[in-house]
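K.L.:
File name entry-v1.cif; file contents mmCIF, C-alpha atoms and all ligand atoms; full text below.
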```cif
data_run
#
loop_
_atom_site.label_atom_id
_atom_site.label_comp_id
_atom_site.auth_asym_id
_atom_site.auth_seq_id
_atom_site.Cartn_x
_atom_site.Cartn_y
_atom_site.Cartn_z
CA MET Y 1 0.00 0.00 0.00
CA SER Y 2 1.27 3.46 -0.87
CA HIS Y 3 1.35 5.98 1.94
CA HIS Y 4 2.39 8.82 -0.34
CA GLY Y 5 0.57 12.09 0.01
CA ARG Y 6 -1.46 10.90 2.98
CA ILE Y 7 -1.48 13.17 5.98
CA ILE Y 8 -0.65 11.60 9.32
CA PRO Y 9 -2.96 13.66 11.54
CA PRO Y 10 -2.58 14.63 15.21
CA GLY Y 11 -3.70 11.72 17.36
CA ALA Y 12 -1.56 9.31 15.33
CA THR Y 13 1.54 7.66 16.81
CA LEU Y 14 5.03 8.69 15.70
CA GLY Y 15 7.95 6.27 16.05
CA VAL Y 16 11.50 7.42 16.70
CA LEU Y 17 14.67 5.35 16.31
CA GLY Y 18 16.97 6.61 19.06
CA GLY Y 19 16.19 7.92 22.54
CA GLY Y 20 18.67 10.74 23.14
CA GLN Y 21 18.02 14.44 23.71
CA LEU Y 22 16.96 14.97 20.09
CA GLY Y 23 14.29 12.30 20.55
CA ARG Y 24 13.24 13.87 23.84
CA MET Y 25 12.75 17.33 22.32
CA PHE Y 26 11.01 15.79 19.28
CA ALA Y 27 8.64 13.94 21.62
CA ILE Y 28 7.82 17.12 23.52
CA ALA Y 29 7.07 18.99 20.27
CA ALA Y 30 5.00 16.09 18.92
CA ARG Y 31 2.96 15.89 22.11
CA ARG Y 32 2.23 19.60 21.93
CA LEU Y 33 0.67 18.93 18.52
CA GLY Y 34 -1.38 16.06 19.95
CA TYR Y 35 0.61 13.08 18.68
CA ARG Y 36 1.56 9.96 20.59
CA ILE Y 37 5.23 8.94 20.65
CA HIS Y 38 6.93 5.55 20.68
CA ILE Y 39 10.70 5.32 21.05
CA PHE Y 40 13.00 2.46 20.04
CA CYS Y 41 16.50 2.47 21.55
CA PRO Y 42 19.03 0.10 23.11
CA GLU Y 43 19.28 1.95 26.45
CA ALA Y 44 16.73 1.51 29.27
CA ASP Y 45 17.00 5.00 30.77
CA SER Y 46 17.12 7.19 27.69
CA PRO Y 47 16.35 10.94 27.84
CA ALA Y 48 13.28 10.47 25.61
CA THR Y 49 11.63 7.75 27.71
CA PRO Y 50 10.07 10.00 30.41
CA VAL Y 51 8.29 12.07 27.73
CA ALA Y 52 7.30 9.19 25.44
CA ASP Y 53 4.13 7.09 25.58
CA ARG Y 54 6.09 3.90 25.15
CA THR Y 55 9.73 2.83 24.83
CA PHE Y 56 10.89 -0.38 23.15
CA VAL Y 57 14.29 -1.34 24.55
CA ALA Y 58 16.34 -3.73 22.40
CA PRO Y 59 19.49 -3.68 20.27
CA TYR Y 60 18.94 -2.16 16.78
CA GLU Y 61 20.04 -5.50 15.31
CA ASP Y 62 17.11 -7.40 16.91
CA LEU Y 63 14.66 -7.17 14.04
CA ASP Y 64 11.72 -8.87 15.77
CA PRO Y 65 11.39 -6.14 18.42
CA VAL Y 66 12.06 -3.57 15.65
CA ARG Y 67 9.07 -4.94 13.68
CA ALA Y 68 6.94 -5.07 16.83
CA PHE Y 69 7.74 -1.37 17.41
CA ALA Y 70 6.98 -0.47 13.77
CA ARG Y 71 3.56 -2.17 13.97
CA THR Y 72 2.52 0.21 16.77
CA VAL Y 73 3.30 3.47 14.90
CA ASP Y 74 2.10 5.38 11.80
CA VAL Y 75 5.51 6.64 10.65
CA VAL Y 76 9.14 6.10 11.71
CA THR Y 77 11.74 8.85 11.91
CA PHE Y 78 15.21 9.21 13.42
CA GLU Y 79 17.08 11.09 16.05
CA PHE Y 80 20.21 8.96 15.59
CA GLU Y 81 21.42 7.99 12.13
CA ASN Y 82 23.88 5.22 12.88
CA VAL Y 83 21.28 2.47 12.93
CA PRO Y 84 21.87 -0.52 10.65
CA SER Y 85 20.17 -0.44 7.22
CA ALA Y 86 18.42 -3.69 8.16
CA THR Y 87 16.68 -1.84 11.01
CA SER Y 88 15.17 0.88 8.82
CA ASP Y 89 14.38 -1.71 6.12
CA ALA Y 90 12.46 -3.80 8.66
CA CYS Y 91 10.47 -0.70 9.66
CA SER Y 92 9.76 0.27 6.06
CA GLU Y 93 8.08 -3.12 5.43
CA VAL Y 94 5.42 -1.95 7.88
CA VAL Y 95 5.21 1.89 7.78
CA PRO Y 96 6.74 4.86 5.95
CA VAL Y 97 10.27 5.65 7.13
CA ARG Y 98 11.18 9.35 6.82
CA PRO Y 99 13.81 10.16 5.69
CA ALA Y 100 14.03 6.87 3.78
CA GLY Y 101 16.67 4.22 4.56
CA ARG Y 102 18.56 5.21 1.42
CA VAL Y 103 19.23 8.69 2.86
CA LEU Y 104 20.46 7.07 6.06
CA HIS Y 105 22.68 4.67 4.15
CA ILE Y 106 24.39 7.51 2.26
CA THR Y 107 24.81 9.85 5.22
CA GLN Y 108 26.11 7.32 7.74
CA GLN Y 109 29.34 6.70 5.86
CA ARG Y 110 31.67 9.57 4.95
CA LEU Y 111 32.93 8.10 1.66
CA ARG Y 112 29.41 7.44 0.37
CA GLU Y 113 28.28 10.86 1.60
CA LYS Y 114 31.15 12.86 0.06
CA GLY Y 115 30.98 10.75 -3.11
CA PHE Y 116 27.25 11.47 -3.48
CA LEU Y 117 27.79 15.20 -2.95
CA ARG Y 118 30.72 15.41 -5.38
CA ASP Y 119 28.88 13.37 -8.04
CA HIS Y 120 25.88 15.72 -7.78
CA GLY Y 121 28.01 18.85 -8.14
CA PHE Y 122 27.94 20.00 -4.51
CA PRO Y 123 31.17 21.51 -3.15
CA VAL Y 124 33.27 19.15 -0.99
CA THR Y 125 36.97 19.13 -0.13
CA PRO Y 126 39.03 16.65 -2.20
CA PHE Y 127 39.16 13.24 -0.47
CA ARG Y 128 40.49 9.69 -0.89
CA ALA Y 129 39.44 6.31 0.49
CA ILE Y 130 42.07 4.77 2.77
CA HIS Y 131 42.39 0.98 3.03
CA SER Y 132 46.16 0.68 3.42
CA LEU Y 133 49.21 2.67 4.46
CA GLU Y 134 50.08 2.92 0.75
CA ASP Y 135 46.67 4.58 0.13
CA LEU Y 136 47.43 7.10 2.86
CA VAL Y 137 50.90 7.85 1.51
CA SER Y 138 49.62 8.49 -2.01
CA ALA Y 139 46.59 10.46 -0.73
CA THR Y 140 48.85 12.85 1.20
CA ARG Y 141 51.08 13.19 -1.88
CA GLU Y 142 48.11 14.00 -4.12
CA LEU Y 143 46.07 16.17 -1.74
CA GLY Y 144 48.96 17.53 0.33
CA LEU Y 145 49.53 18.03 4.04
CA PRO Y 146 48.01 19.08 6.36
CA GLY Y 147 44.89 17.02 5.94
CA VAL Y 148 42.37 15.23 8.12
CA LEU Y 149 42.20 11.44 8.48
CA LYS Y 150 38.83 10.16 9.67
CA THR Y 151 37.19 6.78 10.14
CA ALA Y 152 34.67 6.42 7.31
CA SER Y 153 31.88 5.17 9.57
CA PHE Y 154 30.30 6.02 12.91
CA GLY Y 155 32.29 9.17 13.59
CA TYR Y 156 30.81 12.22 15.25
CA ASP Y 157 32.00 15.07 17.47
CA GLY Y 158 35.57 14.58 16.20
CA LYS Y 159 35.75 10.97 17.39
CA GLY Y 160 38.02 8.85 15.21
CA GLN Y 161 39.75 11.71 13.42
CA ARG Y 162 43.11 13.44 13.48
CA THR Y 163 44.86 16.20 11.60
CA LEU Y 164 48.05 15.04 9.87
CA ARG Y 165 50.83 17.59 9.42
CA SER Y 166 53.88 15.57 8.38
CA ALA Y 167 54.72 12.35 6.52
CA THR Y 168 56.36 10.90 9.66
CA GLU Y 169 52.91 10.66 11.30
CA LEU Y 170 51.39 8.44 8.61
CA PRO Y 171 52.23 4.90 9.89
CA GLU Y 172 50.94 5.62 13.38
CA ALA Y 173 47.86 7.43 12.05
CA PHE Y 174 47.03 4.51 9.78
CA THR Y 175 47.39 2.07 12.69
CA GLY Y 176 45.01 4.35 14.62
CA LEU Y 177 42.23 3.48 12.16
CA GLY Y 178 42.25 0.05 13.79
CA GLY Y 179 41.69 -1.85 10.55
CA THR Y 180 38.54 0.08 9.63
CA GLU Y 181 38.03 1.99 6.39
CA GLY Y 182 39.31 5.57 6.45
CA ILE Y 183 38.94 8.81 4.52
CA TYR Y 184 41.68 11.37 3.99
CA GLU Y 185 40.44 14.91 3.35
CA ALA Y 186 42.36 17.93 2.10
CA PHE Y 187 42.53 20.47 4.91
CA VAL Y 188 39.99 23.28 4.62
CA ASP Y 189 41.36 26.63 5.75
CA PHE Y 190 38.02 27.86 7.02
CA ALA Y 191 37.06 31.22 8.50
CA GLN Y 192 33.77 30.03 9.96
CA GLU Y 193 31.69 26.90 10.40
CA VAL Y 194 27.97 27.16 9.72
CA SER Y 195 25.01 24.81 9.38
CA VAL Y 196 21.62 24.80 7.68
CA VAL Y 197 18.69 22.76 8.95
CA GLY Y 198 16.32 22.13 6.05
CA ALA Y 199 12.92 20.43 5.92
CA ARG Y 200 11.05 18.88 3.01
CA THR Y 201 7.62 17.28 2.73
CA VAL Y 202 6.31 14.42 0.58
CA GLU Y 203 4.87 17.05 -1.79
CA GLY Y 204 8.30 18.68 -2.09
CA GLN Y 205 7.63 21.80 0.00
CA PHE Y 206 10.98 23.02 1.33
CA ALA Y 207 11.96 25.36 4.16
CA ALA Y 208 15.38 26.15 5.63
CA PHE Y 209 16.05 27.80 8.97
CA PRO Y 210 18.31 30.85 9.01
CA VAL Y 211 21.98 29.88 8.86
CA PHE Y 212 23.56 28.96 12.21
CA GLU Y 213 27.17 29.92 12.94
CA ASN Y 214 28.94 27.33 15.07
CA VAL Y 215 31.96 27.52 17.34
CA HIS Y 216 33.50 24.22 18.45
CA ALA Y 217 35.66 23.45 21.47
CA HIS Y 218 37.59 20.14 21.60
CA HIS Y 219 35.66 18.98 18.48
CA ILE Y 220 32.28 19.36 20.22
CA LEU Y 221 29.82 22.13 19.40
CA ASP Y 222 30.21 24.84 22.03
CA VAL Y 223 28.22 27.89 20.94
CA THR Y 224 25.77 28.53 18.07
CA VAL Y 225 24.57 31.97 17.02
CA SER Y 226 22.02 33.17 14.49
CA PRO Y 227 21.95 35.22 12.37
CA ALA Y 228 25.38 33.97 11.26
CA ARG Y 229 27.95 36.74 10.74
CA ILE Y 230 28.06 36.18 6.96
CA THR Y 231 26.96 38.25 3.95
CA PRO Y 232 23.32 38.09 2.78
CA GLU Y 233 24.60 36.52 -0.47
CA LEU Y 234 26.34 33.71 1.42
CA GLU Y 235 23.27 33.25 3.66
CA ALA Y 236 21.08 32.80 0.56
CA ALA Y 237 23.65 30.51 -1.10
CA ALA Y 238 23.83 28.26 1.98
CA ARG Y 239 20.06 27.92 2.14
CA GLU Y 240 19.90 27.14 -1.61
CA LEU Y 241 22.63 24.53 -1.13
CA SER Y 242 20.46 22.94 1.55
CA ARG Y 243 17.47 22.91 -0.83
CA GLY Y 244 19.57 21.30 -3.58
CA ILE Y 245 20.89 18.58 -1.29
CA LEU Y 246 17.47 17.71 0.18
CA GLU Y 247 16.05 17.51 -3.35
CA ALA Y 248 18.96 15.42 -4.70
CA LEU Y 249 18.54 12.97 -1.82
CA ASP Y 250 14.72 13.14 -2.04
CA VAL Y 251 14.57 13.76 1.71
CA VAL Y 252 11.20 13.66 3.41
CA GLY Y 253 11.82 15.02 6.88
CA LEU Y 254 14.77 17.05 8.13
CA LEU Y 255 18.39 17.15 7.05
CA THR Y 256 21.21 19.27 8.44
CA VAL Y 257 24.09 20.42 6.23
CA GLU Y 258 27.31 21.33 8.05
CA LEU Y 259 29.42 23.75 6.05
CA PHE Y 260 32.78 25.46 6.08
CA VAL Y 261 33.05 29.09 4.97
CA THR Y 262 36.52 29.44 3.46
CA ARG Y 263 38.64 32.55 3.97
CA ASP Y 264 37.91 33.51 0.36
CA GLY Y 265 34.15 33.28 0.93
CA ARG Y 266 33.23 29.88 -0.57
CA LEU Y 267 30.96 27.25 0.95
CA ILE Y 268 32.21 23.66 1.33
CA VAL Y 269 30.00 20.89 2.69
CA ASN Y 270 31.61 19.02 5.59
CA GLU Y 271 28.88 16.58 6.48
CA LEU Y 272 25.18 15.78 6.50
CA ALA Y 273 22.90 14.61 9.30
CA PRO Y 274 19.46 13.28 8.28
CA ARG Y 275 17.79 14.75 11.37
CA THR Y 276 17.56 17.67 13.78
CA HIS Y 277 20.88 19.05 14.95
CA ASN Y 278 22.52 20.46 18.07
CA SER Y 279 23.08 23.75 16.20
CA GLY Y 280 19.29 24.04 15.71
CA HIS Y 281 18.43 24.09 19.41
CA LEU Y 282 18.12 27.88 19.47
CA THR Y 283 15.05 27.53 17.21
CA LEU Y 284 13.16 26.35 20.33
CA ASP Y 285 13.34 29.84 21.80
CA ALA Y 286 14.07 32.11 18.84
CA CYS Y 287 12.07 30.92 15.81
CA VAL Y 288 8.36 30.88 14.99
CA THR Y 289 8.63 27.10 14.52
CA CYS Y 290 11.30 25.00 16.26
CA GLN Y 291 13.29 22.33 14.40
CA PHE Y 292 11.49 19.55 16.28
CA GLU Y 293 8.01 20.77 15.35
CA GLN Y 294 9.28 21.15 11.78
CA GLN Y 295 10.37 17.50 11.81
CA VAL Y 296 6.90 16.50 13.02
CA ARG Y 297 5.25 18.54 10.27
CA ALA Y 298 7.60 17.24 7.57
CA VAL Y 299 7.26 13.54 8.41
CA CYS Y 300 3.47 13.82 8.89
CA GLY Y 301 2.77 15.54 5.58
CA LEU Y 302 1.59 18.77 7.21
CA PRO Y 303 2.50 22.20 5.78
CA LEU Y 304 5.87 23.39 7.09
CA GLY Y 305 5.95 26.15 9.71
CA SER Y 306 7.65 29.53 9.41
CA THR Y 307 11.39 29.37 10.08
CA GLU Y 308 11.57 33.11 10.81
CA LEU Y 309 14.09 34.08 13.49
CA LYS Y 310 12.17 36.42 15.78
CA GLN Y 311 15.32 37.85 17.39
CA PRO Y 312 19.07 37.26 17.30
CA ALA Y 313 19.89 34.30 19.55
CA ALA Y 314 22.79 32.25 20.88
CA MET Y 315 22.93 28.75 22.35
CA ALA Y 316 25.65 27.33 24.58
CA ASN Y 317 25.97 23.61 25.27
CA LEU Y 318 26.18 22.40 28.86
CA LEU Y 319 28.55 19.44 29.03
CA GLY Y 320 29.07 17.24 32.06
CA ASP Y 321 32.20 19.28 32.83
CA VAL Y 322 29.92 22.05 34.15
CA TRP Y 323 29.28 19.74 37.15
CA ASN Y 324 33.00 19.35 37.95
CA GLY Y 325 33.03 21.81 40.83
CA GLY Y 326 29.75 20.57 42.34
CA PRO Y 327 26.09 21.24 41.52
CA PRO Y 328 25.76 24.08 38.97
CA ARG Y 329 24.41 27.41 40.25
CA TRP Y 330 21.19 27.46 38.23
CA ASP Y 331 19.99 30.43 40.29
CA GLN Y 332 22.93 32.53 39.12
CA ALA Y 333 22.51 31.72 35.43
CA LEU Y 334 18.75 32.29 35.58
CA SER Y 335 19.22 35.66 37.24
CA ASN Y 336 19.30 36.83 33.60
CA PRO Y 337 15.53 36.78 33.04
CA ARG Y 338 15.97 36.34 29.25
CA LEU Y 339 17.92 33.11 29.64
CA LYS Y 340 16.24 29.80 28.75
CA LEU Y 341 17.45 26.57 30.37
CA HIS Y 342 17.03 23.15 28.74
CA LEU Y 343 18.18 20.00 30.56
CA TYR Y 344 17.89 16.51 29.12
CA GLY Y 345 17.25 14.56 32.33
CA LYS Y 346 20.54 12.62 32.21
CA ALA Y 347 21.53 11.25 35.61
CA SER Y 348 25.33 11.16 35.46
CA PRO Y 349 27.24 14.26 34.29
CA ARG Y 350 30.30 12.64 32.68
CA PRO Y 351 32.85 15.05 31.18
CA GLY Y 352 32.08 15.74 27.51
CA ARG Y 353 28.50 14.42 27.81
CA LYS Y 354 25.80 16.74 26.47
CA MET Y 355 23.61 17.39 29.53
CA GLY Y 356 21.63 20.41 28.35
CA HIS Y 357 21.90 23.83 26.78
CA ILE Y 358 21.04 27.46 27.42
CA THR Y 359 19.70 30.00 24.96
CA ALA Y 360 19.54 33.78 25.10
CA THR Y 361 17.80 36.16 22.72
CA ALA Y 362 19.11 39.72 22.43
CA ASN Y 363 19.21 42.73 20.11
CA SER Y 364 22.36 41.51 18.34
CA ALA Y 365 24.24 38.27 17.72
CA GLU Y 366 27.17 39.59 19.78
CA ALA Y 367 24.97 40.47 22.76
CA ALA Y 368 23.34 37.03 22.64
CA ILE Y 369 26.74 35.27 22.61
CA GLU Y 370 27.93 37.40 25.50
CA ALA Y 371 24.77 36.55 27.47
CA VAL Y 372 25.09 32.75 27.11
CA ARG Y 373 28.83 32.80 27.82
CA GLN Y 374 28.31 34.93 30.91
CA ALA Y 375 25.44 32.74 32.13
CA ARG Y 376 27.42 29.55 31.56
CA SER Y 377 30.42 30.74 33.51
CA SER Y 378 28.14 31.89 36.33
CA LEU Y 379 27.02 28.25 36.72
CA GLN Y 380 30.41 27.39 38.19
CA ALA Y 381 31.20 30.67 39.93
P1 LIG T 1 33.51 16.13 11.61
O1 LIG T 1 33.67 14.97 12.55
O2 LIG T 1 33.66 15.76 10.16
O3 LIG T 1 32.23 16.88 11.87
O4 LIG T 1 34.67 17.17 11.93
C1 LIG T 1 34.74 17.78 13.20
C2 LIG T 1 35.49 19.09 13.09
O5 LIG T 1 36.82 18.90 12.61
C3 LIG T 1 34.86 20.08 12.11
O6 LIG T 1 33.81 20.77 12.72
C4 LIG T 1 36.05 20.95 11.76
O7 LIG T 1 36.29 21.89 12.79
C5 LIG T 1 37.21 19.97 11.73
N1 LIG T 1 37.40 19.42 10.38
C6 LIG T 1 36.80 18.34 9.86
N2 LIG T 1 37.18 18.11 8.57
C7 LIG T 1 38.06 19.07 8.25
C8 LIG T 1 38.82 19.41 7.08
N3 LIG T 1 38.76 18.66 5.96
N4 LIG T 1 39.61 20.51 7.12
C9 LIG T 1 39.70 21.26 8.23
N5 LIG T 1 39.02 21.00 9.37
C10 LIG T 1 38.21 19.94 9.40
#
```
Taking this structure as input, can you express it in the form of C-alpha cells?

P.N.:
Amino acid sequence: MSHHGRIIPPGATLGVLGGGQLGRMFAIAARRLGYRIHIFCPEADSPATPVADRTFVAPYEDLDPVRAFARTVDVVTFEFENVPSATSDACSEVVPVRPAGRVLHITQQRLREKGFLRDHGFPVTPFRAIHSLEDLVSATRELGLPGVLKTASFGYDGKGQRTLRSATELPEAFTGLGGTEGIYEAFVDFAQEVSVVGARTVEGQFAAFPVFENVHAHHILDVTVSPARITPELEAAARELSRGILEALDVVGLLTVELFVTRDGRLIVNELAPRTHNSGHLTLDACVTCQFEQQVRAVCGLPLGSTELKQPAAMANLLGDVWNGGPPRWDQALSNPRLKLHLYGKASPRPGRKMGHITATANSAEAAIEAVRQARSSLQA
C-alpha cells in the first residue's frame, strides 16, 4: 500500500529510532501537537523515555522487536542515524520511514556521503578512500599536508579523526584506524563553520532555517549563534545549497548540512545529518517554529511552519564538565531573566557528555553570545 501524500494527523503515533536528547525534544514537540510517541533504543533510561508514551528497549540489530515497534506506529523517523540499514528496512516493510533508509545509508558513511555530494556537483573538499598505508601515503602526496584522516563510519564530534601535518605521522595514524576503512580529506582553511537545517515534505515543499554559525571546542559544538555573521549573499547561497541537497537525496523530513566558509568566501560541505541538529536548538526559543516541530510537520505531511528568526539568539551547550566543581548554580545563570534553560534529564554528568543547553535572545548576535557565555560561567562561579 502506498502511503504517499497521505497526511498523518494529530492523534496518530510517531515512532522514533533513538532515545537521546533529540528524541526527547522531538517527543515534547510532537505531544504539543497532539501526537503519541513511541521510542525504540538500546538503552533503558534514555532521555526520551520519560516524555514518550512507550519505549521499546532492544538492540537495533534485533529485528523482531524492531518490527513489533513499527507495527505500533504510523511513521518512523530518526534522532540517531547510525542504525543498521536492516533496522530501517524492517520498519519500512510496515510503515513509511522518513527520511528513507537510502538517505540514512548515504549519510552514515563519509565516503558514500562525500561521493554522493561530489557526483551531484555540490562543493566538498578533495578526499580519498584509505584501506592501506600505501593509500594514505599516495593520498597525502596528491592532496597535500596538512589534511584530516577520519574513520569512514560512525564518527561524530571529532571521534576517530586526526589532523596530519607531516609524513612521519602516517604509519601511526594509519594504525590508529584500527583496521577500519578511512577517509583522507584535504585540509579546509576555514574562517567560519555554519550549518543549515532544512525540511522537506512528501509534496516537495521546502523550508530552511536561518543559517547557524557554530563555534566548536575540543571537536564538540560549544556555541551557536544566528543570524550567522556572513553576507546576505552567502546566507542565501547556503540555504539554496540545503534545498539542492534535500532535493537530490529526495529527503522527506529534516536534514542538516554542516558547512565550512573558506577565507575567500566559498561554501564547502563538511557533512550531512538526516535529522535535527545540536546547532538548531536555538530555534526552540528564537524561531516561529522550532526544528522539532518542523520535523513532526515534515514527516506527517503537514504544511511546514515559518522558520523566521524572531530575534538574534545564541545557544551554549552544557557538558558534564559544568558539574566538575559541584552542583551548577542554576539560580545565578537564571538571574538573567531572558535566559532559557534546557536539561535533558541525564543522571550522570560525565565530562564531555551533552547534559543540556542554554539560549539567550538579544538585540544583536554579539549580545546574545555574551549573554550565554556569561550565564554559563556563572554556573560554576
Ligand atoms: P567532523 O567529525 O567531520 O564533523 O569534523 C569535526 C570538526 O573537525 C569540524 O567541525 C572541523 O572543525 C574539523 N574538520 C573536519 N574536517 C576538516 C577538514 N577537511 N579541514 C579542516 N578542518 C576539518

K.L.:
Counting all atoms listed in the file, which of Y:Pro126, Y:Pro171, Y:Gly144, Y:Gly34 gets nearest to ligand LIG 1 (chain T)?

P.N.:
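That would be Y:Pro126, the residue with the smallest distance to ligand LIG 1 (chain T).
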
K.L.:
Go through Y:Asn324, Y:Thr262, Y:Thr151, Y:Asn270 one by one, measure the shortest atom-to-atom distance of each to ligand LIG 1 (chain T) using all atoms listed in the file, and give the residue with the smallest value.

P.N.:
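Using all atoms listed in the file, ligand LIG 1 (chain T) sits closest to Y:Asn270.
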
K.L.:
Could you pull out every residue with an atom within 12 Å of (20.5, 27.4, 38.7), file coordinates, counting all atoms listed in the file, and send them as a ChimeraX atom specification?

P.N.:
/Y:322-323,327-336,339-343,358,375-381

K.L.:
Which residue is closest to ligand LIG 1 (chain T)? Choose from Y:His281, Y:Arg350, Y:His218, Y:Arg263 and count all atoms listed in the file.

P.N.:
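Closest to ligand LIG 1 (chain T) of all the choices is Y:His218.
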
K.L.:
To one decimal place in Å, what is the distance between CA of Thr175 in chain Y and CA of Pro84 in chain Y?

P.N.:
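Separation of CA of Thr175 in chain Y and CA of Pro84 in chain Y: 25.7 Å.
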
K.L.:
Place all heavy atoms on range 359-366 of chain Y and deliver the coordinates as a PDB file, in the frame of the given file.

P.N.:
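Ended up saving to result_34.pdb:
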```
ATOM      1  N   THR Y 359      19.901  29.112  26.099  1.00  0.00           N
ATOM      2  CA  THR Y 359      19.700  30.000  24.960  1.00  0.00           C
ATOM      3  C   THR Y 359      19.378  31.395  25.469  1.00  0.00           C
ATOM      4  O   THR Y 359      18.670  31.542  26.472  1.00  0.00           O
ATOM      5  CB  THR Y 359      18.531  29.498  24.081  1.00  0.00           C
ATOM      6  OG1 THR Y 359      18.753  28.138  23.746  1.00  0.00           O
ATOM      7  CG2 THR Y 359      18.403  30.328  22.807  1.00  0.00           C
ATOM      8  N   ALA Y 360      19.914  32.392  24.791  1.00  0.00           N
ATOM      9  CA  ALA Y 360      19.540  33.780  25.100  1.00  0.00           C
ATOM     10  C   ALA Y 360      19.163  34.463  23.799  1.00  0.00           C
ATOM     11  O   ALA Y 360      19.804  34.260  22.761  1.00  0.00           O
ATOM     12  CB  ALA Y 360      20.695  34.519  25.761  1.00  0.00           C
ATOM     13  N   THR Y 361      18.126  35.280  23.839  1.00  0.00           N
ATOM     14  CA  THR Y 361      17.800  36.160  22.720  1.00  0.00           C
ATOM     15  C   THR Y 361      18.237  37.564  23.128  1.00  0.00           C
ATOM     16  O   THR Y 361      18.259  37.896  24.307  1.00  0.00           O
ATOM     17  CB  THR Y 361      16.300  36.136  22.390  1.00  0.00           C
ATOM     18  OG1 THR Y 361      15.572  36.368  23.600  1.00  0.00           O
ATOM     19  CG2 THR Y 361      15.891  34.809  21.789  1.00  0.00           C
ATOM     20  N   ALA Y 362      18.607  38.373  22.135  1.00  0.00           N
ATOM     21  CA  ALA Y 362      19.110  39.720  22.430  1.00  0.00           C
ATOM     22  C   ALA Y 362      18.928  40.582  21.180  1.00  0.00           C
ATOM     23  O   ALA Y 362      18.417  40.121  20.164  1.00  0.00           O
ATOM     24  CB  ALA Y 362      20.570  39.668  22.841  1.00  0.00           C
ATOM     25  N   ASN Y 363      19.371  41.831  21.259  1.00  0.00           N
ATOM     26  CA  ASN Y 363      19.210  42.730  20.110  1.00  0.00           C
ATOM     27  C   ASN Y 363      20.250  42.507  19.030  1.00  0.00           C
ATOM     28  O   ASN Y 363      20.098  42.993  17.921  1.00  0.00           O
ATOM     29  CB  ASN Y 363      19.237  44.184  20.572  1.00  0.00           C
ATOM     30  CG  ASN Y 363      17.994  44.513  21.394  1.00  0.00           C
ATOM     31  OD1 ASN Y 363      16.920  43.955  21.142  1.00  0.00           O
ATOM     32  ND2 ASN Y 363      18.134  45.368  22.383  1.00  0.00           N
ATOM     33  N   SER Y 364      21.340  41.790  19.343  1.00  0.00           N
ATOM     34  CA  SER Y 364      22.360  41.510  18.340  1.00  0.00           C
ATOM     35  C   SER Y 364      22.952  40.134  18.617  1.00  0.00           C
ATOM     36  O   SER Y 364      22.839  39.597  19.732  1.00  0.00           O
ATOM     37  CB  SER Y 364      23.483  42.561  18.409  1.00  0.00           C
ATOM     38  OG  SER Y 364      24.231  42.379  19.603  1.00  0.00           O
ATOM     39  N   ALA Y 365      23.585  39.567  17.567  1.00  0.00           N
ATOM     40  CA  ALA Y 365      24.240  38.270  17.720  1.00  0.00           C
ATOM     41  C   ALA Y 365      25.311  38.350  18.815  1.00  0.00           C
ATOM     42  O   ALA Y 365      25.411  37.459  19.661  1.00  0.00           O
ATOM     43  CB  ALA Y 365      24.875  37.868  16.385  1.00  0.00           C
ATOM     44  N   GLU Y 366      26.093  39.435  18.808  1.00  0.00           N
ATOM     45  CA  GLU Y 366      27.170  39.590  19.780  1.00  0.00           C
ATOM     46  C   GLU Y 366      26.631  39.618  21.212  1.00  0.00           C
ATOM     47  O   GLU Y 366      27.186  38.995  22.118  1.00  0.00           O
ATOM     48  CB  GLU Y 366      27.990  40.857  19.504  1.00  0.00           C
ATOM     49  CG  GLU Y 366      28.939  40.753  18.322  1.00  0.00           C
ATOM     50  CD  GLU Y 366      28.235  40.734  16.969  1.00  0.00           C
ATOM     51  OE1 GLU Y 366      27.062  41.191  16.885  1.00  0.00           O
ATOM     52  OE2 GLU Y 366      28.833  40.241  15.989  1.00  0.00           O
TER      53      GLU Y 366
END
```
